[in-house]
$ cat protein30.txt   # compact mmCIF, C-alpha atoms
# COMPACT_ATOMS: atom_id res chain seq x y z
CA MET A 5 140.50 150.79 33.43
CA SER A 6 140.00 151.89 37.03
CA LYS A 7 140.37 149.36 39.83
CA LYS A 8 137.34 148.30 41.80
CA ILE A 9 137.05 148.02 45.56
CA LEU A 10 134.08 146.29 47.13
CA LEU A 11 133.23 147.55 50.61
CA ALA A 12 130.91 145.34 52.65
CA GLU A 13 129.85 147.32 55.70
CA ASP A 14 126.48 147.63 57.40
CA ASP A 15 127.27 150.82 59.32
CA GLU A 16 126.46 153.92 57.26
CA ASP A 17 128.94 156.15 59.09
CA ASN A 18 131.73 153.66 58.47
CA ARG A 19 130.80 153.45 54.79
CA ASP A 20 130.85 157.23 54.54
CA LEU A 21 134.21 157.40 56.23
CA VAL A 22 135.83 154.83 53.92
CA SER A 23 134.32 156.62 50.95
CA PHE A 24 135.60 159.97 52.28
CA VAL A 25 139.11 158.56 52.69
CA LEU A 26 139.16 156.82 49.31
CA MET A 27 137.95 159.93 47.48
CA ARG A 28 140.79 161.92 49.00
CA SER A 29 143.40 159.26 48.40
CA ARG A 30 143.21 159.94 44.67
CA LEU A 31 143.67 156.24 43.95
CA GLY A 32 141.05 156.58 41.26
CA ALA A 33 139.44 153.34 42.37
CA GLU A 34 135.74 152.72 41.91
CA LEU A 35 133.99 151.94 45.19
CA ILE A 36 131.17 149.39 45.20
CA ILE A 37 129.07 149.21 48.35
CA ALA A 38 127.36 146.22 49.94
CA GLU A 39 125.38 146.53 53.15
CA ASN A 40 125.57 142.90 54.24
CA GLY A 41 127.40 139.67 53.47
CA GLN A 42 124.82 138.34 51.01
CA GLU A 43 124.95 141.57 49.02
CA ALA A 44 128.76 141.39 49.14
CA VAL A 45 128.76 137.90 47.64
CA ASP A 46 126.30 138.91 44.90
CA LYS A 47 128.21 142.09 44.03
CA ALA A 48 131.58 140.34 44.11
CA PHE A 49 130.32 137.82 41.50
CA GLU A 50 128.81 140.64 39.44
CA HIS A 51 131.69 143.14 39.50
CA LEU A 52 134.76 140.94 40.19
CA PRO A 53 136.52 143.67 42.21
CA ASN A 54 140.27 143.95 42.66
CA LEU A 55 139.97 144.14 46.44
CA ILE A 56 137.29 143.45 49.04
CA LEU A 57 137.02 145.22 52.41
CA MET A 58 134.72 143.09 54.54
CA ASP A 59 133.22 143.93 57.90
CA MET A 60 132.91 140.69 59.83
CA GLN A 61 129.79 141.58 61.84
CA MET A 62 126.85 142.26 59.54
CA PRO A 63 123.16 141.40 59.38
CA VAL A 64 121.64 138.86 56.94
CA MET A 65 125.04 137.20 56.36
CA ASP A 66 128.21 138.03 58.28
CA GLY A 67 131.75 138.12 56.94
CA TRP A 68 132.57 134.77 58.54
CA THR A 69 130.01 133.13 56.24
CA ALA A 70 130.51 135.31 53.14
CA ILE A 71 134.30 134.95 52.88
CA PRO A 72 134.37 131.12 52.60
CA ILE A 73 131.75 131.37 49.82
CA LEU A 74 133.95 133.82 47.90
CA LYS A 75 137.06 131.75 48.52
CA ALA A 76 135.33 128.59 47.29
CA ASP A 77 134.34 130.10 43.94
CA LYS A 78 136.91 130.09 41.12
CA ARG A 79 135.78 133.55 39.94
CA THR A 80 136.53 135.25 43.24
CA LYS A 81 138.99 133.05 45.14
CA HIS A 82 142.01 135.10 43.98
CA ILE A 83 140.56 138.45 45.15
CA PRO A 84 142.38 139.71 48.25
CA ILE A 85 140.05 140.34 51.18
CA ILE A 86 140.81 142.65 54.07
CA ALA A 87 138.71 141.73 57.11
CA PHE A 88 137.39 144.64 59.20
CA THR A 89 136.61 143.89 62.80
CA ALA A 90 135.84 145.97 65.83
CA GLN A 91 137.65 143.48 68.04
CA ALA A 92 141.40 143.50 68.17
CA LYS A 93 141.91 140.09 69.76
CA PRO A 94 144.81 138.01 68.34
CA GLU A 95 142.48 135.01 67.88
CA ASP A 96 140.24 137.10 65.58
CA LYS A 97 143.20 137.92 63.42
CA ILE A 98 144.25 134.25 63.22
CA ARG A 99 140.68 133.21 62.45
CA THR A 100 140.30 135.71 59.60
CA LEU A 101 143.59 134.56 58.07
CA GLU A 102 142.48 130.93 58.41
CA ILE A 103 139.33 131.53 56.36
CA GLY A 104 141.36 133.11 53.58
CA CYS A 105 141.65 136.83 54.32
CA ALA A 106 144.82 138.51 53.15
CA GLU A 107 144.80 140.92 56.05
CA HIS A 108 143.00 141.77 59.25
CA TYR A 109 142.27 145.40 60.04
CA SER A 110 140.95 146.48 63.42
CA LYS A 111 138.52 149.37 63.61
CA PRO A 112 138.51 152.26 64.40
CA MET A 113 140.28 153.41 61.26
CA ASP A 114 143.40 155.38 60.58
CA PRO A 115 143.06 156.97 57.12
CA GLN A 116 146.75 156.90 56.21
CA GLU A 117 147.14 153.32 57.42
CA LEU A 118 144.05 152.25 55.49
CA ILE A 119 145.24 153.88 52.27
CA THR A 120 148.69 152.29 52.61
CA LEU A 121 147.04 148.89 53.02
CA ILE A 122 144.66 149.37 50.09
CA THR A 123 147.45 150.67 47.85
CA LYS A 124 149.54 147.60 48.66
CA TYR A 125 146.82 145.18 47.56
CA LEU A 126 145.73 147.18 44.51
CA ALA A 127 149.34 147.19 43.29
CA GLU A 128 149.65 143.42 43.49
CA MET B 1 128.46 236.93 21.22
CA GLU B 2 127.83 236.44 24.91
CA THR B 3 124.90 234.13 24.06
CA THR B 4 127.09 232.01 21.77
CA LEU B 5 129.72 231.68 24.51
CA GLU B 6 127.08 230.65 27.02
CA GLU B 7 125.73 228.10 24.58
CA MET B 8 129.22 226.69 23.97
CA LYS B 9 129.86 226.50 27.70
CA ARG B 10 126.58 224.66 28.20
CA GLN B 11 127.39 222.23 25.41
CA ILE B 12 130.86 221.58 26.88
CA GLU B 13 129.31 220.88 30.27
CA MET B 14 126.81 218.49 28.71
CA LEU B 15 129.55 216.74 26.80
CA SER B 16 131.73 216.44 29.93
CA HIS B 17 128.80 215.05 31.84
CA SER B 18 128.08 212.49 29.11
CA LEU B 19 131.74 211.47 28.97
CA ASP B 20 131.83 211.13 32.74
CA GLN B 21 128.72 208.95 32.70
CA GLU B 22 130.17 206.79 29.93
CA ARG B 23 133.43 206.37 31.88
CA LYS B 24 131.51 205.34 35.00
CA ALA B 25 129.42 202.85 33.02
CA ARG B 26 132.61 201.39 31.49
CA GLU B 27 134.19 201.10 34.93
CA GLU B 28 131.09 199.42 36.32
CA MET B 29 131.04 196.96 33.41
CA THR B 30 134.72 196.18 33.90
CA LYS B 31 134.16 195.69 37.63
CA GLN B 32 131.24 193.36 36.98
CA GLN B 33 133.23 191.44 34.37
CA ILE B 34 136.15 191.01 36.78
CA GLN B 35 133.78 189.84 39.51
CA ALA B 36 132.15 187.34 37.13
CA ASN B 37 135.58 186.07 36.03
CA VAL B 38 136.77 185.68 39.62
CA LEU B 39 133.56 183.85 40.49
CA GLN B 40 134.03 181.52 37.53
CA LEU B 41 137.61 180.74 38.57
CA ARG B 42 136.60 180.29 42.21
CA THR B 43 133.84 177.81 41.26
CA SER B 44 136.28 175.78 39.14
CA MET B 45 138.86 175.85 41.92
CA GLU B 46 136.33 174.70 44.54
CA LYS B 47 135.38 171.78 42.33
CA ALA B 48 139.02 170.84 41.77
CA TRP B 49 139.94 171.14 45.47
CA LEU B 50 136.88 169.30 46.79
CA ASN B 51 138.75 166.09 47.59
CA GLY B 52 142.20 167.53 48.14
CA ALA B 53 144.93 169.18 46.12
CA PRO B 54 144.37 168.83 42.38
CA ASN B 55 146.96 166.91 40.37
CA ASP B 56 149.47 168.69 38.10
CA GLN B 57 147.24 168.49 35.03
CA GLU B 58 144.20 169.89 36.86
CA GLY B 59 146.39 172.61 38.38
CA GLU B 60 147.66 173.57 34.93
CA GLU B 61 144.10 173.73 33.58
CA LEU B 62 143.08 176.04 36.42
CA HIS B 63 146.02 178.31 35.65
CA LYS B 64 145.10 178.40 31.95
CA LEU B 65 141.55 179.32 32.91
CA ALA B 66 142.82 182.17 35.09
CA VAL B 67 144.97 183.45 32.19
CA SER B 68 142.08 183.23 29.74
CA LEU B 69 139.91 185.21 32.17
CA SER B 70 142.64 187.86 32.48
CA ILE B 71 142.94 187.34 36.19
CA PRO B 72 146.25 188.68 37.51
CA GLU B 73 148.62 186.10 38.97
CA ASN B 74 148.57 187.58 42.48
CA VAL B 75 144.75 187.40 42.51
CA GLU B 76 144.90 183.81 41.24
CA LEU B 77 147.35 182.81 43.99
CA SER B 78 145.33 184.51 46.69
CA LEU B 79 142.13 182.85 45.46
CA ARG B 80 143.84 179.46 45.33
CA ARG B 81 144.99 179.79 48.94
CA GLU B 82 141.53 180.93 50.05
CA VAL B 83 139.79 178.00 48.30
CA LYS B 84 142.34 175.49 49.57
CA LEU B 85 141.88 176.54 53.20
CA LYS B 86 138.10 176.59 52.86
CA MET B 87 138.02 173.06 51.39
CA TYR B 88 140.46 171.79 54.00
CA SER B 89 138.37 173.32 56.76
CA ASN B 90 135.20 171.67 55.36
CA ALA B 91 136.95 168.30 55.18
CA VAL B 92 138.20 168.66 58.77
CA LYS B 93 134.66 169.38 59.95
CA GLU B 94 133.29 166.41 58.02
CA VAL B 95 135.83 163.96 59.35
CA ILE B 96 135.65 165.25 62.91
CA SER B 97 131.92 164.53 62.90
CA LYS B 98 132.93 160.86 62.58
CA ARG B 99 135.64 161.00 65.19
CA GLN B 100 134.29 158.02 67.12
CA LEU B 101 135.15 155.89 64.07
CA LEU B 102 138.71 157.16 63.92
CA ARG B 103 141.66 155.65 65.67
CA SER B 104 143.35 159.00 66.16
CA SER B 105 142.00 162.46 65.42
CA SER B 106 145.46 164.01 65.34
CA SER B 107 146.80 161.52 62.80
CA THR B 108 143.67 162.02 60.67
CA LEU B 109 144.05 165.81 60.75
CA GLU B 110 147.70 165.44 59.80
CA TRP B 111 146.71 163.20 56.89
CA LEU B 112 144.14 165.76 55.72
CA ARG B 113 146.68 168.56 56.00
CA LYS B 114 148.87 166.64 53.52
CA VAL B 115 145.92 165.77 51.26
CA TYR B 116 145.07 169.48 50.95
CA GLN B 117 148.75 170.54 50.88
CA VAL B 118 148.19 172.92 53.77
CA THR B 119 151.58 173.96 55.12
CA MET B 120 152.20 173.99 58.84
CA GLU B 121 152.60 177.77 58.57
CA GLU B 122 149.17 178.10 56.95
CA TYR B 123 147.67 175.72 59.48
CA LEU B 124 149.03 177.70 62.41
CA GLU B 125 147.91 180.97 60.84
CA TYR B 126 144.35 179.65 60.49
CA GLU B 127 144.32 177.35 63.51
CA THR B 128 142.11 179.59 65.62
CA LYS B 129 139.57 179.90 62.84
CA PHE B 130 139.55 176.13 62.24
CA LEU B 131 139.09 175.41 65.92
CA LEU B 132 136.37 178.02 66.32
CA ASP B 133 134.53 176.55 63.34
CA LEU B 134 134.75 173.10 64.91
CA VAL B 135 133.51 174.29 68.28
CA ALA B 136 130.67 176.23 66.65
CA ASP B 137 129.64 173.10 64.78
CA GLN B 138 129.78 170.91 67.84
CA TYR B 139 128.12 173.18 70.36
CA LYS B 140 124.53 172.08 70.85
CA GLY B 141 123.59 174.16 73.85
CA THR B 142 123.99 174.52 77.57
CA LEU B 143 122.74 171.79 79.83
CA LEU B 144 122.12 172.18 83.55
CA TYR B 145 122.78 168.81 85.18
CA VAL B 146 121.44 168.50 88.73
CA SER B 147 122.82 165.40 90.41
CA PRO B 148 123.49 164.39 94.03
CA ASN B 149 126.47 162.26 92.89
CA LEU B 150 128.76 164.90 91.47
CA LYS B 151 131.74 163.65 93.44
CA GLY B 152 131.27 160.05 92.36
CA LYS B 153 131.80 158.50 88.94
CA ASP B 154 129.15 159.59 86.48
CA ASP B 155 129.26 157.88 83.10
CA LEU B 156 126.77 160.32 81.58
CA LEU B 157 129.00 163.38 81.91
CA PRO B 158 131.65 162.53 79.31
CA ARG B 159 128.91 161.40 76.91
CA LEU B 160 127.02 164.68 77.32
CA LYS B 161 130.16 166.71 76.75
CA SER B 162 131.26 164.73 73.72
CA ALA B 163 127.76 165.16 72.27
CA GLY B 164 128.46 168.90 72.13
CA TYR B 165 126.75 170.21 75.27
CA ALA B 166 128.29 172.69 77.66
CA VAL B 167 127.41 171.08 80.99
CA VAL B 168 126.86 173.13 84.14
CA LEU B 169 126.72 171.02 87.30
CA SER B 170 124.64 171.52 90.42
CA GLY B 171 124.62 169.25 93.45
CA THR B 172 121.09 170.19 94.55
CA PRO B 173 117.97 171.83 93.09
CA GLU B 174 118.60 174.82 95.41
CA GLU B 175 122.03 175.31 93.85
CA ALA B 176 120.47 174.89 90.40
CA LEU B 177 117.94 177.64 91.18
CA GLU B 178 120.81 179.95 92.02
CA LYS B 179 122.64 179.13 88.77
CA ILE B 180 119.73 179.01 86.35
CA GLU B 181 119.40 182.76 85.85
CA LYS B 182 123.06 183.14 85.05
CA VAL B 183 123.41 179.98 82.96
CA ASN B 184 120.17 180.25 80.99
CA PRO B 185 120.22 176.54 80.07
CA ASN B 186 118.71 175.00 76.94
CA LEU B 187 117.86 171.83 78.83
CA ILE B 188 117.75 170.62 82.42
CA LEU B 189 118.62 167.09 83.46
CA CYS B 190 117.72 166.40 87.08
CA HIS B 191 117.76 163.41 89.43
CA THR B 192 114.60 162.97 91.51
CA GLU B 193 116.12 162.19 94.90
CA PHE B 194 118.48 164.36 96.89
CA ALA B 195 119.72 164.38 100.48
CA PRO B 196 117.06 164.91 103.19
CA GLY B 197 116.22 168.57 103.63
CA SER B 198 116.85 169.32 99.99
CA LEU B 199 114.17 169.84 97.33
CA SER B 200 113.29 166.82 95.23
CA GLY B 201 113.67 166.87 91.46
CA ILE B 202 109.88 166.86 91.04
CA LYS B 203 109.50 169.84 93.39
CA PHE B 204 112.20 171.64 91.43
CA LEU B 205 110.24 171.00 88.22
CA HIS B 206 107.07 172.42 89.84
CA LEU B 207 108.95 175.53 90.94
CA LEU B 208 110.18 176.12 87.40
CA ARG B 209 106.68 175.58 86.01
CA ALA B 210 105.56 178.49 88.17
CA SER B 211 108.17 180.78 86.64
CA PRO B 212 107.14 182.38 83.34
CA LYS B 213 110.81 182.74 82.48
CA PHE B 214 111.79 179.11 82.92
CA ASN B 215 108.64 177.06 82.53
CA PHE B 216 109.33 176.10 78.92
CA ILE B 217 112.89 174.86 79.35
CA PRO B 218 113.04 171.16 78.36
CA PHE B 219 113.30 169.16 81.58
CA ILE B 220 114.20 165.48 82.00
CA LEU B 221 113.94 163.70 85.34
CA LEU B 222 116.19 160.74 86.09
CA CYS B 223 114.08 158.63 88.43
CA GLU B 224 114.27 155.50 90.54
CA PRO B 225 112.47 152.40 89.15
CA SER B 226 109.94 152.70 91.99
CA GLU B 227 108.92 156.19 90.79
CA VAL B 228 108.11 155.21 87.21
CA SER B 229 104.39 154.53 87.74
CA GLN B 230 103.98 157.82 89.65
CA LEU B 231 105.64 159.77 86.84
CA GLN B 232 103.71 157.91 84.15
CA SER B 233 100.45 159.00 85.73
CA SER B 234 101.65 162.56 86.34
CA GLU B 235 100.82 165.14 83.74
CA LEU B 236 104.17 165.86 82.18
CA ARG B 237 104.10 168.34 79.34
CA GLN B 238 105.56 167.71 75.87
CA HIS B 239 108.92 169.25 76.67
CA GLU B 240 109.15 167.35 79.98
CA GLY B 241 110.11 163.72 80.37
CA PHE B 242 111.69 161.09 82.58
CA LEU B 243 114.06 158.17 82.28
CA LYS B 244 114.52 155.28 84.67
CA LYS B 245 117.92 154.76 86.28
CA PRO B 246 120.36 153.29 85.37
CA VAL B 247 120.10 155.60 82.39
CA ASP B 248 121.02 154.30 78.97
CA ALA B 249 123.10 157.04 77.33
CA ASP B 250 121.67 156.43 73.85
CA GLU B 251 118.11 156.57 75.16
CA LEU B 252 118.98 159.79 76.99
CA MET B 253 120.31 161.39 73.79
CA ILE B 254 117.14 160.43 71.94
CA THR B 255 114.92 161.85 74.71
CA MET B 256 116.97 165.05 74.88
CA ASN B 257 116.69 165.57 71.12
CA GLU B 258 112.96 164.92 71.30
CA LYS B 259 112.42 167.47 74.08
CA LEU B 260 114.63 170.05 72.39
CA THR B 261 112.61 169.58 69.19
CA HIS B 262 109.37 170.27 71.09
CA PHE B 263 110.96 173.38 72.57
CA ARG B 264 112.20 174.55 69.15
CA ASP B 265 108.74 174.02 67.65
CA TYR B 266 107.19 175.95 70.50
CA VAL B 267 109.59 178.88 70.05
CA SER B 268 109.01 178.85 66.28
CA SER B 269 105.25 178.99 66.85
CA LEU B 270 105.70 182.24 68.80
CA SER B 271 107.23 184.10 65.86
$ encode --input "protein30.txt" --output "structure tokens"
Amino acid sequence: MSKKILLAEDDEDNRDLVSFVLMRSRLGAELIIAENGQEAVDKAFEHLPNLILMDMQMPVMDGWTAIPILKADKRTKHIPIIAFTAQAKPEDKIRTLEIGCAEHYSKPMDPQELITLITKYLAE
Amino acid sequence: METTLEEMKRQIEMLSHSLDQERKAREEMTKQQIQANVLQLRTSMEKAWLNGAPNDQEGEELHKLAVSLSIPENVELSLRREVKLKMYSNAVKEVISKRQLLRSSSSTLEWLRKVYQVTMEEYLEYETKFLLDLVADQYKGTLLYVSPNLKGKDDLLPRLKSAGYAVVLSGTPEEALEKIEKVNPNLILCHTEFAPGSLSGIKFLHLLRASPKFNFIPFILLCEPSEVSQLQSSELRQHEGFLKKPVDADELMITMNEKLTHFRDYVSSLS
């Protein structure tokens, strides 16, 4: 059964880029898209993905609100979450780890780096 | 006797002609069959190479297909290389269009080169073509930028260049008038105020309106806040516009696209 990755990202170009990179990585993972935090929470409960990539700044519900909800639910608390932020401040990284993220990834992206990171969490 | 010989000769000629026609038809059919087979293999290869080099199993299936279509191995290899470079080139163009989202373009291109198994030798051989393709995709036109602050810092310039415009600079409208014939710009971006003794941006616009050759070039004035009401009440045409300084780069891009669209529609209506 193929692994599932949930991508929560409001920016269409960013979604396209992650999709472009994943398609070419040949990981064979299924990509599920959410355009805001609320959609991410709903789709995480529905699909129970193996990994979540979460942009922290999104409309409707941001990542800072969505992640604690996922971490508080027994169905999704074990799912590793990689936080995507545009800021690269050390305090952002600490804050994302404090709310339960496995990793913090600063945009803009590096395809090889992203694939290495995703592969690491899908293998676990 | 002579008549019989003539008749035989005629029949031989007819037979030769028929045989020749049949041979040509056979050759044409073979040629068409080969072309159809190559097209079938190419289509399958393009599908398999869409997201990078196919895995071993997919590669083996492609080879089996080539064998079943009686495509010689050298043709198969040449086609494979052609398809690979085409797909790699398409992927490069696609990812470069999102370069503002990428941490490093060079590392991304290197990653793609590995994904498509393009050797450094192949890359260097095709580098010029790849780069030309990229430039052709990015180039949006020539822009004549008339600004009194060319020596100072201008935040708009890098944005205009990265948006794909070739930017020609002029320090005054007079200088712009000298360059315009040679440059043949697709769009003019002009400040309103220049040093005393020089034409104003509005005067420059009026001069161009009087020229049948240049009066339909999209023209955007960058004005002072105090000039807004004057320009709002002036009769600017559809391909003309203004923006208040300090200019927001995103708003400028939107206005430029809008004016260029009017110009394109106008040109299309002429044909």
$ interface_residues --input "protein30.txt" --of "chain B" --to "chain A" --cutoff "7 Å" --atoms "all atoms listed in the file" --output "list in words"
Asn51, Gly52, Leu101, Leu102, Arg103, Ser104, Thr108, Trp111 and Val115 of chain B
$ write_last_selection --input "protein30.txt" --atoms "C-alpha atoms" --output "compact mmCIF listing (two decimals), keeping the file's coordinate frame"
# COMPACT_ATOMS: atom_id res chain seq x y z
CA ASN B 51 138.75 166.09 47.59
CA GLY B 52 142.20 167.53 48.14
CA LEU B 101 135.15 155.89 64.07
CA LEU B 102 138.71 157.16 63.92
CA ARG B 103 141.66 155.65 65.67
CA SER B 104 143.35 159.00 66.16
CA THR B 108 143.67 162.02 60.67
CA TRP B 111 146.71 163.20 56.89
CA VAL B 115 145.92 165.77 51.26
$ residues_near_point --input "protein30.txt" --point "(124.0, 153.7, 78.3)" --cutoff "12 Å" --atoms "all atoms listed in the file" --output "VMD selection string"
chain B and resid 154 to 160 243 to 254
$ atom_distance --input "protein30.txt" --atom1 "CA of Leu126 (chain A)" --atom2 "CA of Lys7 (chain A)"
7.4 Å
$ residues_around --input "protein30.txt" --residues "Leu112 (chain B)" --least-positions-apart "3" --cutoff "8 Å" --atoms "all atoms listed in the file" --output "ChimeraX atom specification"
/B:88,91-92,108-109,115-116
$ write_last_selection --input "protein30.txt" --atoms "C-alpha atoms" --output "PDB file, in the frame of the given file"
ATOM      1  CA  TYR B  88     140.460 171.790  54.000  1.00  0.00           C
ATOM      2  CA  ALA B  91     136.950 168.300  55.180  1.00  0.00           C
ATOM      3  CA  VAL B  92     138.200 168.660  58.770  1.00  0.00           C
ATOM      4  CA  THR B 108     143.670 162.020  60.670  1.00  0.00           C
ATOM      5  CA  LEU B 109     144.050 165.810  60.750  1.00  0.00           C
ATOM      6  CA  VAL B 115     145.920 165.770  51.260  1.00  0.00           C
ATOM      7  CA  TYR B 116     145.070 169.480  50.950  1.00  0.00           C
TER       8      TYR B 116
END
$ atom_distance --input "protein30.txt" --atom1 "CA of Glu50 (chain A)" --atom2 "CA of Thr100 (chain A)"
23.7 Å
$ closest_residue --input "protein30.txt" --among "B:Lys203, B:Thr3, B:Lys93, B:Pro225" --to "Ser105 (chain B)" --atoms "only C-alpha atoms"
B:Lys93
$ closest_residue --input "protein30.txt" --among "A:Pro94, A:Gly41, A:Gly104, A:Gly32" --to "Met58 (chain A)" --atoms "all atoms listed in the file"
A:Gly41
$ axis_aligned_box --input "protein30.txt" --around "region 215-219 of chain B" --padding-each-side "5 Å" --output "lines of an AutoDock Vina configuration file"
center_x = 111.0
center_y = 173.1
center_z = 80.4
size_x = 14.7
size_y = 17.9
size_z = 14.2
$ closest_residue --input "protein30.txt" --among "B:Glu94, B:Ala53, B:His191, B:Leu260" --to "Phe242 (chain B)" --atoms "all atoms listed in the file"
B:His191
$ atom_distance --input "protein30.txt" --atom1 "CA of Leu177 (chain B)" --atom2 "CA of Leu150 (chain B)"
16.7 Å
$ closest_residue --input "protein30.txt" --among "B:Gly164, B:Gly59, B:Pro173, B:Pro218" --to "Glu46 (chain B)" --atoms "all atoms listed in the file"
B:Gly59
$ residues_around --input "protein30.txt" --residues "Met60 (chain A)" --least-positions-apart "2" --cutoff "7 Å" --atoms "all atoms listed in the file" --output "list in words"
Met58, Met62, Asp66, Gly67, Trp68, Ala87, Phe88 and Thr89 of chain A
$ write_last_selection --input "protein30.txt" --atoms "C-alpha atoms" --output "CSV table (one decimal), in the coordinates of the input"
chain,number,residue,atom,x,y,z
A,58,MET,CA,134.7,143.1,54.5
A,62,MET,CA,126.8,142.3,59.5
A,66,ASP,CA,128.2,138.0,58.3
A,67,GLY,CA,131.8,138.1,56.9
A,68,TRP,CA,132.6,134.8,58.5
A,87,ALA,CA,138.7,141.7,57.1
A,88,PHE,CA,137.4,144.6,59.2
A,89,THR,CA,136.6,143.9,62.8
$ closest_residue --input "protein30.txt" --among "B:Leu187, B:Val95, B:Leu222, B:Ile180" --to "His262 (chain B)" --atoms "all atoms listed in the file"
B:Leu187
$ residues_around --input "protein30.txt" --residues "Lys81 (chain A)" --least-positions-apart "2" --cutoff "12 Å" --atoms "all atoms listed in the file" --output "list in words"
Val45, Ala48, Phe49, Leu52, Pro53, Asn54, Leu55, Ile56, Ala70, Ile71, Pro72, Ile73, Leu74, Lys75, Ala76, Asp77, Lys78, Arg79, Ile83, Pro84, Ile85, Ile103, Gly104, Cys105 and Ala106 of chain A
$ write_last_selection --input "protein30.txt" --atoms "C-alpha atoms" --output "mmCIF file, keeping the file's coordinate frame"
data_model
loop_
_atom_site.group_PDB
_atom_site.id
_atom_site.type_symbol
_atom_site.label_atom_id
_atom_site.label_comp_id
_atom_site.auth_asym_id
_atom_site.auth_seq_id
_atom_site.Cartn_x
_atom_site.Cartn_y
_atom_site.Cartn_z
ATOM 1 C CA VAL A 45 128.760 137.900 47.640
ATOM 2 C CA ALA A 48 131.580 140.340 44.110
ATOM 3 C CA PHE A 49 130.320 137.820 41.500
ATOM 4 C CA LEU A 52 134.760 140.940 40.190
ATOM 5 C CA PRO A 53 136.520 143.670 42.210
ATOM 6 C CA ASN A 54 140.270 143.950 42.660
ATOM 7 C CA LEU A 55 139.970 144.140 46.440
ATOM 8 C CA ILE A 56 137.290 143.450 49.040
ATOM 9 C CA ALA A 70 130.510 135.310 53.140
ATOM 10 C CA ILE A 71 134.300 134.950 52.880
ATOM 11 C CA PRO A 72 134.370 131.120 52.600
ATOM 12 C CA ILE A 73 131.750 131.370 49.820
ATOM 13 C CA LEU A 74 133.950 133.820 47.900
ATOM 14 C CA LYS A 75 137.060 131.750 48.520
ATOM 15 C CA ALA A 76 135.330 128.590 47.290
ATOM 16 C CA ASP A 77 134.340 130.100 43.940
ATOM 17 C CA LYS A 78 136.910 130.090 41.120
ATOM 18 C CA ARG A 79 135.780 133.550 39.940
ATOM 19 C CA ILE A 83 140.560 138.450 45.150
ATOM 20 C CA PRO A 84 142.380 139.710 48.250
ATOM 21 C CA ILE A 85 140.050 140.340 51.180
ATOM 22 C CA ILE A 103 139.330 131.530 56.360
ATOM 23 C CA GLY A 104 141.360 133.110 53.580
ATOM 24 C CA CYS A 105 141.650 136.830 54.320
ATOM 25 C CA ALA A 106 144.820 138.510 53.150
#
$ closest_residue --input "protein30.txt" --among "B:Ile34, B:Ser89, B:Glu13, B:Gln100" --to "Val75 (chain B)" --atoms "only C-alpha atoms"
B:Ile34
